[in-house]
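File shown: input07.txt (compact mmCIF, C-alpha atoms).
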# COMPACT_ATOMS: atom_id res chain seq x y z
CA MET X 34 0.00 0.00 0.00
CA THR X 35 1.45 3.39 -1.00
CA SER X 36 1.64 6.28 1.44
CA LEU X 37 -1.03 8.12 -0.57
CA THR X 38 -3.35 5.12 -0.40
CA ARG X 39 -2.80 4.86 3.38
CA VAL X 40 -3.67 8.55 3.78
CA ARG X 41 -6.87 8.14 1.74
CA ALA X 42 -7.91 5.03 3.70
CA ALA X 43 -7.31 6.81 7.00
CA ALA X 44 -9.37 9.80 5.81
CA ALA X 45 -12.24 7.53 4.78
CA LEU X 46 -12.23 5.77 8.16
CA ALA X 47 -12.23 9.13 9.93
CA THR X 48 -15.18 10.30 7.86
CA MET X 49 -17.14 7.14 8.63
CA ALA X 50 -16.40 7.50 12.33
CA ALA X 51 -17.54 11.12 12.27
CA LEU X 52 -20.79 10.18 10.54
CA ALA X 53 -21.42 7.41 13.06
CA THR X 54 -20.86 9.85 15.92
CA LEU X 55 -23.18 12.38 14.31
CA ALA X 56 -25.87 9.75 13.82
CA GLY X 57 -25.60 8.76 17.47
CA CYS X 58 -25.95 12.38 18.59
CA THR X 59 -28.79 13.44 16.30
CA GLY X 60 -30.81 10.25 15.93
CA MET X 61 -29.96 9.91 12.25
CA SER X 62 -30.99 6.60 10.79
CA THR X 63 -29.84 4.76 7.70
CA THR X 64 -32.83 2.42 7.72
CA THR X 65 -34.89 2.21 4.56
CA PRO X 66 -38.37 3.80 4.50
CA GLN X 67 -41.12 1.58 5.89
CA ARG X 68 -44.28 0.69 4.00
CA GLN X 69 -47.41 2.51 5.19
CA LEU X 70 -50.76 1.46 3.80
CA MET X 71 -53.63 3.81 2.97
CA LEU X 72 -57.12 2.94 1.78
CA VAL X 73 -58.91 5.12 -0.77
CA ALA X 74 -62.60 4.53 -1.49
CA ASN X 75 -63.72 5.81 -4.91
CA ASP X 76 -67.41 6.56 -5.54
CA GLU X 77 -68.30 6.41 -9.24
CA LYS X 78 -72.07 6.86 -8.83
CA GLN X 79 -72.42 10.48 -7.69
CA SER X 80 -71.46 13.81 -9.21
CA TRP X 81 -72.72 17.41 -9.21
CA ASN X 82 -73.82 19.56 -12.14
CA ASP X 83 -73.11 23.29 -12.58
CA ALA X 84 -76.22 24.09 -10.56
CA GLY X 85 -74.87 22.17 -7.60
CA VAL X 86 -77.48 19.42 -7.94
CA ALA X 87 -76.37 15.87 -7.11
CA MET X 88 -76.52 13.53 -10.10
CA LEU X 89 -76.77 9.76 -9.60
CA GLY X 90 -75.28 7.22 -11.98
CA ALA X 91 -75.42 3.46 -12.33
CA PRO X 92 -73.86 1.34 -9.56
CA GLY X 93 -71.16 -1.30 -9.98
CA ARG X 94 -68.14 0.85 -10.83
CA ASP X 95 -66.86 1.82 -7.36
CA THR X 96 -63.38 0.79 -6.24
CA VAL X 97 -61.24 0.68 -3.13
CA GLN X 98 -57.53 1.23 -3.78
CA VAL X 99 -54.81 0.08 -1.40
CA LEU X 100 -51.80 2.42 -1.60
CA ASP X 101 -48.33 2.41 -0.08
CA ILE X 102 -47.46 5.97 1.00
CA GLY X 103 -44.49 5.07 3.22
CA THR X 104 -41.83 3.70 0.89
CA ASP X 105 -41.72 6.95 -1.12
CA PRO X 106 -43.93 9.66 0.49
CA LEU X 107 -43.90 11.79 -2.67
CA ALA X 108 -44.78 8.92 -5.01
CA PRO X 109 -47.53 6.67 -3.58
CA ARG X 110 -47.74 3.20 -5.07
CA SER X 111 -51.03 1.46 -5.82
CA LEU X 112 -50.98 -2.17 -4.64
CA VAL X 113 -54.45 -3.25 -5.72
CA SER X 114 -57.84 -1.94 -6.78
CA LEU X 115 -60.81 -3.86 -5.41
CA GLN X 116 -64.26 -3.69 -7.01
CA LEU X 117 -66.28 -2.75 -3.90
CA ASP X 118 -69.34 -0.54 -3.47
CA ASN X 119 -68.71 2.74 -1.73
CA THR X 120 -70.21 6.20 -1.48
CA VAL X 121 -69.44 9.85 -0.81
CA VAL X 122 -72.59 10.05 1.33
CA GLY X 123 -71.40 10.38 4.92
CA PRO X 124 -68.14 11.35 6.60
CA PRO X 125 -64.90 10.30 4.86
CA THR X 126 -64.13 7.85 7.67
CA ASN X 127 -66.12 4.76 6.64
CA LEU X 128 -63.01 2.58 6.42
CA ALA X 129 -60.07 1.71 8.67
CA ILE X 130 -56.84 -0.29 8.87
CA ASN X 131 -55.92 -2.22 12.01
CA PRO X 132 -52.70 -1.32 13.90
CA THR X 133 -50.69 -4.21 12.39
CA GLU X 134 -51.80 -3.42 8.82
CA THR X 135 -53.08 -6.97 8.39
CA LEU X 136 -56.81 -6.25 8.14
CA ALA X 137 -59.09 -3.49 6.83
CA LEU X 138 -62.79 -2.75 7.32
CA ILE X 139 -64.88 -0.84 4.77
CA ALA X 140 -68.51 0.17 5.29
CA ASN X 141 -70.93 1.00 2.47
CA SER X 142 -73.59 3.38 3.72
CA VAL X 143 -75.97 3.72 0.74
CA ASN X 144 -76.72 2.11 -2.60
CA VAL X 145 -78.22 3.58 -5.75
CA VAL X 146 -81.38 1.85 -6.97
CA GLU X 147 -83.81 2.67 -9.76
CA GLU X 148 -87.56 2.76 -9.27
CA ASN X 149 -89.96 3.74 -12.08
CA GLY X 150 -87.03 5.11 -14.06
CA VAL X 151 -85.79 7.31 -11.22
CA LYS X 152 -82.50 6.66 -9.42
CA LYS X 153 -82.40 7.14 -5.66
CA GLN X 154 -80.20 6.29 -2.69
CA VAL X 155 -81.25 3.74 -0.08
CA PRO X 156 -79.42 2.61 3.07
CA ASP X 157 -77.10 -0.39 2.82
CA ASN X 158 -75.94 -2.60 5.72
CA ARG X 159 -72.70 -4.16 4.47
CA LEU X 160 -69.22 -4.16 5.98
CA PHE X 161 -66.37 -5.55 3.88
CA VAL X 162 -63.36 -7.29 5.48
CA ILE X 163 -60.08 -7.08 3.56
CA ASP X 164 -57.02 -9.28 4.14
CA LEU X 165 -53.98 -7.02 3.73
CA THR X 166 -51.41 -9.81 4.17
CA THR X 167 -52.07 -11.43 0.79
CA ASN X 168 -50.42 -10.30 -2.42
CA PRO X 169 -52.49 -8.56 -3.60
CA PRO X 170 -54.90 -7.77 -0.70
CA LYS X 171 -58.31 -9.37 -1.12
CA LEU X 172 -61.88 -9.43 0.18
CA ILE X 173 -62.37 -12.28 2.65
CA ASP X 174 -65.76 -11.56 4.25
CA THR X 175 -68.89 -9.41 4.06
CA LEU X 176 -70.92 -8.77 7.19
CA ALA X 177 -74.48 -7.48 7.58
CA ILE X 178 -74.54 -4.88 10.36
CA GLY X 179 -76.77 -1.80 10.96
CA LYS X 180 -78.49 0.38 8.38
CA GLN X 181 -76.34 3.01 6.66
CA PRO X 182 -73.00 2.12 8.31
CA SER X 183 -70.75 5.17 8.15
CA GLY X 184 -67.74 6.33 10.20
CA LEU X 185 -65.90 3.55 12.01
CA THR X 186 -62.95 2.93 14.31
CA ILE X 187 -60.63 0.11 15.44
CA ASN X 188 -59.03 0.13 18.91
CA ARG X 189 -55.25 0.20 19.37
CA ALA X 190 -55.26 -3.43 20.50
CA GLY X 191 -56.84 -4.41 17.18
CA THR X 192 -59.47 -6.49 18.97
CA LEU X 193 -62.60 -4.37 18.74
CA ALA X 194 -64.26 -2.17 16.10
CA LEU X 195 -67.20 0.23 16.29
CA VAL X 196 -69.34 1.37 13.35
CA ALA X 197 -71.81 4.29 13.40
CA ASN X 198 -75.11 3.37 11.73
CA ARG X 199 -76.85 6.57 10.65
CA ALA X 200 -80.24 5.16 9.60
CA ASP X 201 -80.47 2.87 12.64
CA SER X 202 -79.30 5.47 15.20
CA SER X 203 -76.96 2.85 16.61
CA VAL X 204 -73.35 1.73 16.96
CA SER X 205 -72.33 -1.79 15.92
CA VAL X 206 -69.73 -3.55 18.10
CA LEU X 207 -67.47 -6.03 16.32
CA ARG X 208 -64.97 -8.50 17.73
CA ILE X 209 -61.73 -8.92 15.76
CA ALA X 210 -59.87 -12.20 16.32
CA GLY X 211 -57.10 -12.58 13.79
CA LYS X 212 -58.87 -12.30 10.45
CA GLN X 213 -62.28 -13.22 11.88
CA VAL X 214 -64.65 -10.26 12.39
CA THR X 215 -67.91 -10.90 14.25
CA LEU X 216 -70.84 -8.65 15.12
CA ILE X 217 -71.34 -9.09 18.87
CA ASP X 218 -73.57 -6.20 19.97
CA THR X 219 -75.52 -3.14 18.87
CA VAL X 220 -75.75 -0.02 21.05
CA ALA X 221 -78.83 2.20 20.65
CA MET X 222 -77.88 5.89 20.49
CA GLY X 223 -81.27 7.60 20.32
CA ASP X 224 -80.12 9.86 17.47
CA SER X 225 -78.43 9.35 14.14
CA VAL X 226 -74.65 9.00 14.49
CA ALA X 227 -72.22 9.74 11.66
CA HIS X 228 -68.85 8.69 13.08
CA VAL X 229 -67.37 7.01 16.17
CA ARG X 230 -63.79 7.11 17.46
CA PHE X 231 -61.98 5.12 20.19
CA THR X 232 -59.77 6.94 22.68
CA PRO X 233 -56.15 5.69 22.64
CA ASP X 234 -56.59 3.63 25.82
CA GLY X 235 -59.63 1.90 24.33
CA ARG X 236 -61.76 2.58 27.43
CA ARG X 237 -63.97 5.20 25.82
CA ALA X 238 -65.31 6.19 22.43
CA LEU X 239 -66.84 9.37 21.04
CA ALA X 240 -69.81 9.24 18.66
CA ALA X 241 -70.85 12.21 16.50
CA LYS X 242 -74.61 12.79 16.80
CA PHE X 243 -74.78 14.62 13.50
CA PRO X 244 -78.35 16.04 13.41
CA SER X 245 -78.55 16.83 17.15
CA HIS X 246 -75.19 18.68 17.20
CA LYS X 247 -73.74 16.62 20.04
CA ILE X 248 -70.90 14.22 20.79
CA ALA X 249 -71.95 11.15 22.76
CA LEU X 250 -69.55 9.55 25.24
CA LEU X 251 -69.39 5.74 25.22
CA ASP X 252 -67.83 3.62 27.97
CA VAL X 253 -65.88 0.51 26.95
CA GLU X 254 -65.07 -2.32 29.35
CA GLY X 255 -63.60 -5.31 27.58
CA GLU X 256 -66.07 -6.06 24.80
CA LYS X 257 -68.97 -4.30 26.55
CA VAL X 258 -69.79 -0.88 25.09
CA SER X 259 -72.30 1.28 26.97
CA TYR X 260 -73.97 4.61 26.30
CA ASN X 261 -74.94 6.23 29.60
CA LYS X 262 -76.62 9.28 28.01
CA VAL X 263 -73.64 11.60 28.46
CA ASP X 264 -73.61 14.08 25.56
CA LEU X 265 -71.34 17.06 24.86
CA ALA X 266 -72.52 20.15 22.98
CA ALA X 267 -70.39 20.51 19.83
CA GLY X 268 -70.85 22.99 16.98
CA LEU X 269 -73.48 22.64 14.28
CA TRP X 270 -73.57 19.29 12.47
CA PRO X 271 -70.49 17.51 13.90
CA TYR X 272 -69.50 15.08 11.14
CA ASN X 273 -66.18 13.81 12.30
CA VAL X 274 -64.26 13.37 15.55
CA ASP X 275 -60.62 12.53 16.33
CA VAL X 276 -58.52 12.16 19.50
CA THR X 277 -54.90 13.15 20.15
CA PRO X 278 -52.41 10.29 20.61
CA ASP X 279 -52.10 11.08 24.34
CA GLY X 280 -55.88 11.03 24.75
CA LYS X 281 -56.01 14.45 26.45
CA ILE X 282 -58.21 16.25 23.93
CA ALA X 283 -60.56 15.44 21.08
CA LEU X 284 -61.51 17.56 18.08
CA THR X 285 -64.72 17.62 16.05
CA ALA X 286 -65.33 18.89 12.52
CA ASP X 287 -68.55 20.90 12.83
CA ASN X 288 -69.74 20.90 9.21
CA GLY X 289 -72.40 23.56 9.73
CA ASN X 290 -74.92 22.53 7.06
CA SER X 291 -75.70 18.80 7.08
CA GLY X 292 -72.68 17.80 5.00
CA ALA X 293 -72.48 20.79 2.65
CA SER X 294 -71.19 24.34 2.39
CA ASP X 295 -73.56 27.28 2.83
CA GLY X 296 -71.31 30.33 2.90
CA GLN X 297 -71.24 30.48 6.69
CA ILE X 298 -68.10 30.15 8.79
CA ASP X 299 -67.85 26.91 10.78
CA THR X 300 -65.75 25.56 13.62
CA VAL X 301 -63.70 22.77 15.14
CA SER X 302 -64.71 22.05 18.74
CA VAL X 303 -62.09 21.19 21.36
CA ILE X 304 -63.04 18.60 24.01
CA ASP X 305 -61.12 18.21 27.28
CA MET X 306 -61.05 14.44 27.74
CA GLU X 307 -59.36 14.66 31.16
CA ALA X 308 -62.14 16.74 32.70
CA GLN X 309 -64.72 14.96 34.83
CA PRO X 310 -66.94 14.70 32.92
CA PRO X 311 -65.31 15.52 29.55
CA ARG X 312 -66.53 18.82 28.09
CA VAL X 313 -66.13 21.23 25.19
CA ILE X 314 -63.62 23.91 26.24
CA ASP X 315 -63.07 25.88 23.03
CA LYS X 316 -64.06 26.34 19.39
CA VAL X 317 -61.69 27.27 16.58
CA VAL X 318 -63.02 29.03 13.47
CA VAL X 319 -61.80 27.21 10.35
CA GLY X 320 -63.98 28.02 7.32
CA ASP X 321 -67.07 27.04 5.33
CA GLY X 322 -67.89 23.35 5.51
CA PRO X 323 -65.20 21.40 7.40
CA GLU X 324 -65.67 17.71 6.59
CA GLY X 325 -62.42 15.77 6.80
CA LEU X 326 -60.49 15.95 10.07
CA ALA X 327 -57.21 14.30 11.07
CA ILE X 328 -54.83 14.72 14.01
CA SER X 329 -51.14 14.14 13.29
CA PRO X 330 -49.43 11.11 14.87
CA THR X 331 -47.10 13.63 16.55
CA GLY X 332 -50.05 15.14 18.42
CA ARG X 333 -48.77 18.65 17.63
CA HIS X 334 -50.94 19.40 14.61
CA ALA X 335 -54.30 18.61 13.06
CA VAL X 336 -56.08 19.58 9.86
CA ALA X 337 -59.65 20.43 8.96
CA VAL X 338 -60.56 19.83 5.31
CA ILE X 339 -62.76 22.66 4.04
CA LEU X 340 -65.31 22.20 1.22
CA ARG X 341 -65.53 25.96 0.43
CA GLY X 342 -68.59 25.46 -1.76
CA SER X 343 -66.57 23.54 -4.34
CA ASN X 344 -69.56 21.33 -5.26
CA ALA X 345 -72.14 24.12 -4.95
CA SER X 346 -73.89 25.93 -7.77
CA LYS X 347 -71.40 27.93 -9.78
CA SER X 348 -73.71 30.91 -9.39
CA ALA X 349 -73.68 30.70 -5.58
CA TYR X 350 -71.91 33.58 -3.84
CA PHE X 351 -69.87 31.11 -1.79
CA TYR X 352 -68.77 28.90 -4.72
CA ASN X 353 -65.05 28.26 -5.12
CA ARG X 354 -63.42 26.02 -7.71
CA ASN X 355 -61.19 24.47 -5.05
CA GLY X 356 -61.42 23.51 -1.41
CA SER X 357 -58.69 23.94 1.17
CA VAL X 358 -56.98 22.53 4.23
CA VAL X 359 -56.64 24.51 7.46
CA LEU X 360 -53.78 23.61 9.80
CA LEU X 361 -54.43 23.55 13.55
CA LYS X 362 -51.63 23.84 16.09
CA ILE X 363 -51.99 21.85 19.30
CA ASP X 364 -50.19 23.00 22.47
CA GLY X 365 -51.48 20.95 25.38
CA LYS X 366 -55.19 21.75 25.45
CA LYS X 367 -54.86 24.99 23.51
CA VAL X 368 -55.67 24.69 19.81
CA THR X 369 -55.05 27.61 17.45
CA ARG X 370 -55.59 28.17 13.75
CA GLY X 371 -52.52 27.92 11.55
CA ASN X 372 -52.20 28.58 7.84
CA GLU X 373 -54.55 27.50 5.04
CA VAL X 374 -53.55 25.71 1.83
CA GLU X 375 -55.77 25.54 -1.25
CA VAL X 376 -56.08 22.05 -2.72
CA ARG X 377 -58.53 20.98 -5.47
CA GLY X 378 -62.23 20.32 -6.02
CA LEU X 379 -64.37 18.95 -3.18
CA PRO X 380 -61.64 17.70 -0.82
CA GLU X 381 -63.01 15.04 1.51
CA ALA X 382 -60.47 13.13 3.58
CA ALA X 383 -56.96 13.73 4.90
CA VAL X 384 -54.34 11.19 6.00
CA TRP X 385 -51.00 11.87 7.74
CA SER X 386 -47.81 9.97 7.11
CA ALA X 387 -46.64 7.92 10.09
CA ASP X 388 -43.98 10.50 11.01
CA GLY X 389 -46.35 13.47 10.63
CA LYS X 390 -44.21 15.06 7.91
CA TYR X 391 -46.62 14.62 4.98
CA LEU X 392 -50.34 15.06 4.49
CA TYR X 393 -52.46 13.42 1.77
CA VAL X 394 -55.77 15.06 0.78
CA GLY X 395 -58.30 13.36 -1.49
CA ASN X 396 -59.97 15.66 -4.06
CA PHE X 397 -63.28 14.10 -5.13
CA ILE X 398 -63.97 16.19 -8.24
CA ASP X 399 -60.42 16.04 -9.61
CA GLN X 400 -59.89 12.34 -8.87
CA ASP X 401 -56.51 12.83 -7.25
CA ILE X 402 -54.57 13.29 -4.01
CA SER X 403 -52.77 16.52 -3.13
CA ILE X 404 -49.50 15.87 -1.28
CA LEU X 405 -48.58 18.51 1.31
CA ARG X 406 -45.77 18.60 3.86
CA MET X 407 -45.00 20.19 7.20
CA ASP X 408 -42.32 22.91 7.34
CA GLY X 409 -42.00 23.61 11.05
CA ASP X 410 -45.46 24.85 12.06
CA THR X 411 -46.53 25.59 8.49
CA LEU X 412 -48.31 23.34 6.02
CA VAL X 413 -46.96 23.79 2.49
CA PRO X 414 -47.65 22.27 -0.96
CA THR X 415 -45.05 19.90 -2.36
CA GLY X 416 -46.21 20.48 -5.92
CA LYS X 417 -46.86 16.74 -6.14
CA SER X 418 -50.17 14.94 -6.65
CA PHE X 419 -51.28 11.37 -7.29
CA ALA X 420 -53.93 10.43 -9.85
CA LEU X 421 -56.55 7.92 -8.69
CA GLN X 422 -58.77 5.44 -10.54
CA GLY X 423 -61.90 7.27 -9.42
CA HIS X 424 -63.39 9.94 -7.18
CA PRO X 425 -62.00 9.65 -3.62
CA ALA X 426 -64.87 9.73 -1.12
CA ALA X 427 -62.90 8.47 1.91
CA MET X 428 -59.30 7.74 2.94
CA ARG X 429 -57.76 6.23 6.07
CA SER X 430 -54.53 4.70 7.35
CA LYS X 431 -53.72 3.08 10.68
CA THR X 432 -52.49 6.45 12.02
CA ASN X 433 -55.86 8.22 11.61
Entire entry expressed as structure tokens:
Amino acid sequence: MTSLTRVRAAAALATMAALATLAGCTGMSTTTPQRQLMLVANDEKQSWNDAGVAMLGAPGRDTVQVLDIGTDPLAPRSLVSLQLDNTVVGPPTNLAINPTETLALIANSVNVVEENGVKKQVPDNRLFVIDLTTNPPKLIDTLAIGKQPSGLTINRAGTLALVANRADSSVSVLRIAGKQVTLIDTVAMGDSVAHVRFTPDGRRALAAKFPSHKIALLDVEGEKVSYNKVDLAAGLWPYNVDVTPDGKIALTADNGNSGASDGQIDTVSVIDMEAQPPRVIDKVVVGDGPEGLAISPTGRHAVAVILRGSNASKSAYFYNRNGSVVLLKIDGKKVTRGNEVEVRGLPEAAVWSADGKYLYVGNFIDQDISILRMDGDTLVPTGKSFALQGHPAAMRSKTN
């Protein structure tokens, strides 16, 4: 070995040692990105004309796509497209992935039928069970539960699921044992419920009483779910509810107009889950028609997805071509409004990456996903989007 070679080798070793030391000090990691699955439910039956009137088409063309958003956050990869009925009617939370990413549940709230030459929507009662361990993922079971099953949730243990049944004014309780999903109970709620969400410890759940403008508190002990008539006063038409990873607060998306924009400013309600009993402690003004809602896995941020009249009549004073996403900053139990980012037409759902660095927003009208990222305490566009096979009505991952 020449002296020059020895010098170069020593320099290379020194550089490697310095990098190793830096990695140890800063938490740098050389591990490859991990796969993160996301479900996207595409509704191909409903659209809106220029007058803002809902138009119904023939059934049978809906799909559910399974995407990987973890391996390359800026370039999602479609793993499979399943031919499954789905609908934009209801909150964009009618599907979920269990914590181990081995199983998914997808509810179909309404079907389109034709009577005397006129198409109309009628409540469905089906819940699809998807095996995510096969290549590609596949449907393995279909359960009959309550009428118009909508928002749903799976506990952190992966052993129990709850589904809000809007037409039945009830919550279905399902046992999950491996890949076997069984309906074990139905809890009467007294009012129509749009969505239900477990707390992180699995001992409570929150159900959005959409038409009565309340959030119902459910108690969970093992597999027994009870509603003891404890309701919290949210804003108008709470469509969606989420809980921070530490379980200290919950947020609700108060839609304001029964699932549509109306030109009025609406809110996100803040619930103190540590209070006895839990109660609404604040409201944050976000915009016209919040529908999607998602708290970051970091617990430091959340987003409200704003319709902004993007499916309203083009002559309406509150019509906008595009919707938007409003960032919320979470500091303990104080929630404040951050910046707003315009996305595309009729945004419905939002999903965070597992590290909270990226946000994926489904745009129903434009049939794509806007990819945003966090820059400190600011949400910014990446300039990237992902085209879908249909119109995204709902999206979920195991982090939301």
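A search radius of 10 Å centred on (-75.9, 23.3, -7.5), applied to all atoms listed in the file, returns the residues Trp81, Asn82, Asp83, Ala84, Gly85, Val86, Ala87, Gly342, Ser343, Asn344, Ala345, Ser346, Lys347, Ser348, Ala349 and Tyr352 of chain X.
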Could you give me, as a Markdown table, a per-residue list for range 172-229 of chain X showing, wherever an atom lies at most 7 Å from an atom of range 116-138 of chain X, the closest pair of atoms and their distance in Å to one decimal, using all atoms listed in the file and sorting by chain then residue number from low to high?
| residue | atom | partner | partner_atom | distance |
| --- | --- | --- | --- | --- |
| X:Ser183 | CA | X:Asn127 | CA | 4.9 |
| X:Gly184 | CA | X:Asn127 | CA | 4.2 |
| X:Leu185 | CA | X:Asn127 | CA | 5.5 |
| X:Thr186 | CA | X:Ala129 | CA | 6.4 |
| X:Ile187 | CA | X:Asn131 | CA | 6.3 |
| X:Arg189 | CA | X:Pro132 | CA | 6.2 |
| X:Gly191 | CA | X:Asn131 | CA | 5.7 |
| X:Lys212 | CA | X:Leu136 | CA | 6.8 |
| X:Ala227 | CA | X:Pro124 | CA | 6.7 |
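Minimum atom-to-atom distances from X:Val276, X:Arg377, X:Asn261, X:Val214 to Leu239 in chain X were compared using all atoms listed in the file, and the lowest value belongs to X:Val276.
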Inset, instruction - Determine, counting all atoms listed in the file, which protein, DNA and RNA residues have an atom within 7 Å of an atom of Asn158 in chain X; residues of the same chain fewer than 6 positions away are not included. Present the result as a list in words. - result: Asn141, Ser142, Ala177, Ile178, Gly179, Lys180, Gln181 and Pro182 of chain X
How about saving the chosen residues, C-alpha atoms kept, as a PDB file, in the coordinates of the input?
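out.pdb, freshly written:
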ATOM      1  CA  ASN X 141     -70.930   1.000   2.470  1.00  0.00           C
ATOM      2  CA  SER X 142     -73.590   3.380   3.720  1.00  0.00           C
ATOM      3  CA  ALA X 177     -74.480  -7.480   7.580  1.00  0.00           C
ATOM      4  CA  ILE X 178     -74.540  -4.880  10.360  1.00  0.00           C
ATOM      5  CA  GLY X 179     -76.770  -1.800  10.960  1.00  0.00           C
ATOM      6  CA  LYS X 180     -78.490   0.380   8.380  1.00  0.00           C
ATOM      7  CA  GLN X 181     -76.340   3.010   6.660  1.00  0.00           C
ATOM      8  CA  PRO X 182     -73.000   2.120   8.310  1.00  0.00           C
TER       9      PRO X 182
END
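Using only C-alpha atoms for every distance, the candidate list X:Lys366, X:Val73, X:Ala197, X:Pro92 yields X:Val73 as the residue closest to Ala383 in chain X.
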Inset, instruction - Select, counting all atoms listed in the file, all protein, DNA and RNA residues no farther than 10 Å from (-62.8, 18.6, 24.6) in file coordinates, and express the selection as a list of chain:residue names. - result: X:Ile248, X:Leu265, X:Ala266, X:Ala267, X:Val276, X:Lys281, X:Ile282, X:Ala283, X:Leu284, X:Thr285, X:Ser302, X:Val303, X:Ile304, X:Asp305, X:Met306, X:Glu307, X:Ala308, X:Pro311, X:Arg312, X:Val313, X:Ile314, X:Asp315, X:Lys316, X:Lys366
Inset, instruction - Determine the nearest neighbour of Lys431 in chain X from the options X:Val196, X:Ala387, X:Leu207, X:Ala249, counting all atoms listed in the file. - result: X:Ala387
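Of the listed residues (X:Glu147, X:Asp224, X:Glu381, X:Asp295), X:Glu381 comes nearest to Asp76 in chain X; the distances count all atoms listed in the file.
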Nearby residues (only C-alpha atoms) at most 9 Å from Thr432 in chain X, same-chain spacing under 3 positions excluded, as a PDB file with C-alpha atoms, keeping the file's coordinate frame:
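Listing of out01.pdb after writing:
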ATOM      1  CA  ILE X 130     -56.840  -0.290   8.870  1.00  0.00           C
ATOM      2  CA  PRO X 132     -52.700  -1.320  13.900  1.00  0.00           C
ATOM      3  CA  ILE X 328     -54.830  14.720  14.010  1.00  0.00           C
ATOM      4  CA  SER X 329     -51.140  14.140  13.290  1.00  0.00           C
ATOM      5  CA  PRO X 330     -49.430  11.110  14.870  1.00  0.00           C
ATOM      6  CA  VAL X 384     -54.340  11.190   6.000  1.00  0.00           C
ATOM      7  CA  TRP X 385     -51.000  11.870   7.740  1.00  0.00           C
ATOM      8  CA  SER X 386     -47.810   9.970   7.110  1.00  0.00           C
ATOM      9  CA  ALA X 387     -46.640   7.920  10.090  1.00  0.00           C
ATOM     10  CA  ARG X 429     -57.760   6.230   6.070  1.00  0.00           C
TER      11      ARG X 429
END
Legend entry - Pairwise distance for CA of Arg94 in chain X and CA of Leu176 in chain X, rounded to one decimal in Å: 20.6 Å
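Checking X:Pro109, X:Gly211, X:Gly292, X:Gly389 one by one against Leu72 in chain X, counting only C-alpha atoms, you find the shortest gap at X:Pro109.
Excluding Asp299 in chain X itself and any same-chain residue fewer than 5 positions from it, the protein and nucleic acid residues within 8 Å of it, counting only C-alpha atoms, are Gly268, Leu269, Asp287, Asn288, Gly289, Val318, Val319, Gly320, Asp321, Gly322 and Pro323 of chain X.
Straight-line separation from CA of Thr96 in chain X to CA of Val226 in chain X: 25.0 Å.
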Legend entry - Point-to-point distance from CA of Glu254 in chain X to CA of Leu326 in chain X, Å rounded to tenths: 27.0 Å
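The residue that comes closest to Ala382 in chain X, out of X:Gly93, X:Gly332, X:Gly325, X:Gly416 and on the basis of all atoms listed in the file, is X:Gly325.
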Rebuild range 241-252 of chain X to N, CA and C atoms - output it as a PDB file, in the coordinates of the input, please.
ATOM      1  N   ALA X 241     -70.327  10.929  16.988  1.00  0.00           N
ATOM      2  CA  ALA X 241     -70.850  12.210  16.500  1.00  0.00           C
ATOM      3  C   ALA X 241     -72.334  12.084  16.195  1.00  0.00           C
ATOM      4  N   LYS X 242     -73.166  12.744  17.033  1.00  0.00           N
ATOM      5  CA  LYS X 242     -74.610  12.790  16.800  1.00  0.00           C
ATOM      6  C   LYS X 242     -74.882  13.940  15.838  1.00  0.00           C
ATOM      7  N   PHE X 243     -74.786  13.631  14.580  1.00  0.00           N
ATOM      8  CA  PHE X 243     -74.780  14.620  13.500  1.00  0.00           C
ATOM      9  C   PHE X 243     -75.972  15.579  13.537  1.00  0.00           C
ATOM     10  N   PRO X 244     -77.224  15.100  13.491  1.00  0.00           N
ATOM     11  CA  PRO X 244     -78.350  16.040  13.410  1.00  0.00           C
ATOM     12  C   PRO X 244     -78.711  16.719  14.730  1.00  0.00           C
ATOM     13  N   SER X 245     -78.228  16.197  15.863  1.00  0.00           N
ATOM     14  CA  SER X 245     -78.550  16.830  17.150  1.00  0.00           C
ATOM     15  C   SER X 245     -77.395  17.662  17.687  1.00  0.00           C
ATOM     16  N   HIS X 246     -76.298  17.770  16.897  1.00  0.00           N
ATOM     17  CA  HIS X 246     -75.190  18.680  17.200  1.00  0.00           C
ATOM     18  C   HIS X 246     -74.503  18.351  18.534  1.00  0.00           C
ATOM     19  N   LYS X 247     -74.340  17.064  18.780  1.00  0.00           N
ATOM     20  CA  LYS X 247     -73.740  16.620  20.040  1.00  0.00           C
ATOM     21  C   LYS X 247     -72.697  15.528  19.793  1.00  0.00           C
ATOM     22  N   ILE X 248     -71.837  15.332  20.778  1.00  0.00           N
ATOM     23  CA  ILE X 248     -70.900  14.220  20.790  1.00  0.00           C
ATOM     24  C   ILE X 248     -71.249  13.338  21.974  1.00  0.00           C
ATOM     25  N   ALA X 249     -71.572  12.082  21.709  1.00  0.00           N
ATOM     26  CA  ALA X 249     -71.950  11.150  22.760  1.00  0.00           C
ATOM     27  C   ALA X 249     -70.706  10.435  23.294  1.00  0.00           C
ATOM     28  N   LEU X 250     -70.661  10.244  24.600  1.00  0.00           N
ATOM     29  CA  LEU X 250     -69.550   9.550  25.240  1.00  0.00           C
ATOM     30  C   LEU X 250     -69.944   8.105  25.523  1.00  0.00           C
ATOM     31  N   LEU X 251     -69.161   7.169  24.987  1.00  0.00           N
ATOM     32  CA  LEU X 251     -69.390   5.740  25.220  1.00  0.00           C
ATOM     33  C   LEU X 251     -68.338   5.205  26.170  1.00  0.00           C
ATOM     34  N   ASP X 252     -68.749   4.306  27.057  1.00  0.00           N
ATOM     35  CA  ASP X 252     -67.830   3.620  27.970  1.00  0.00           C
ATOM     36  C   ASP X 252     -67.548   2.224  27.431  1.00  0.00           C
TER      37      ASP X 252
END
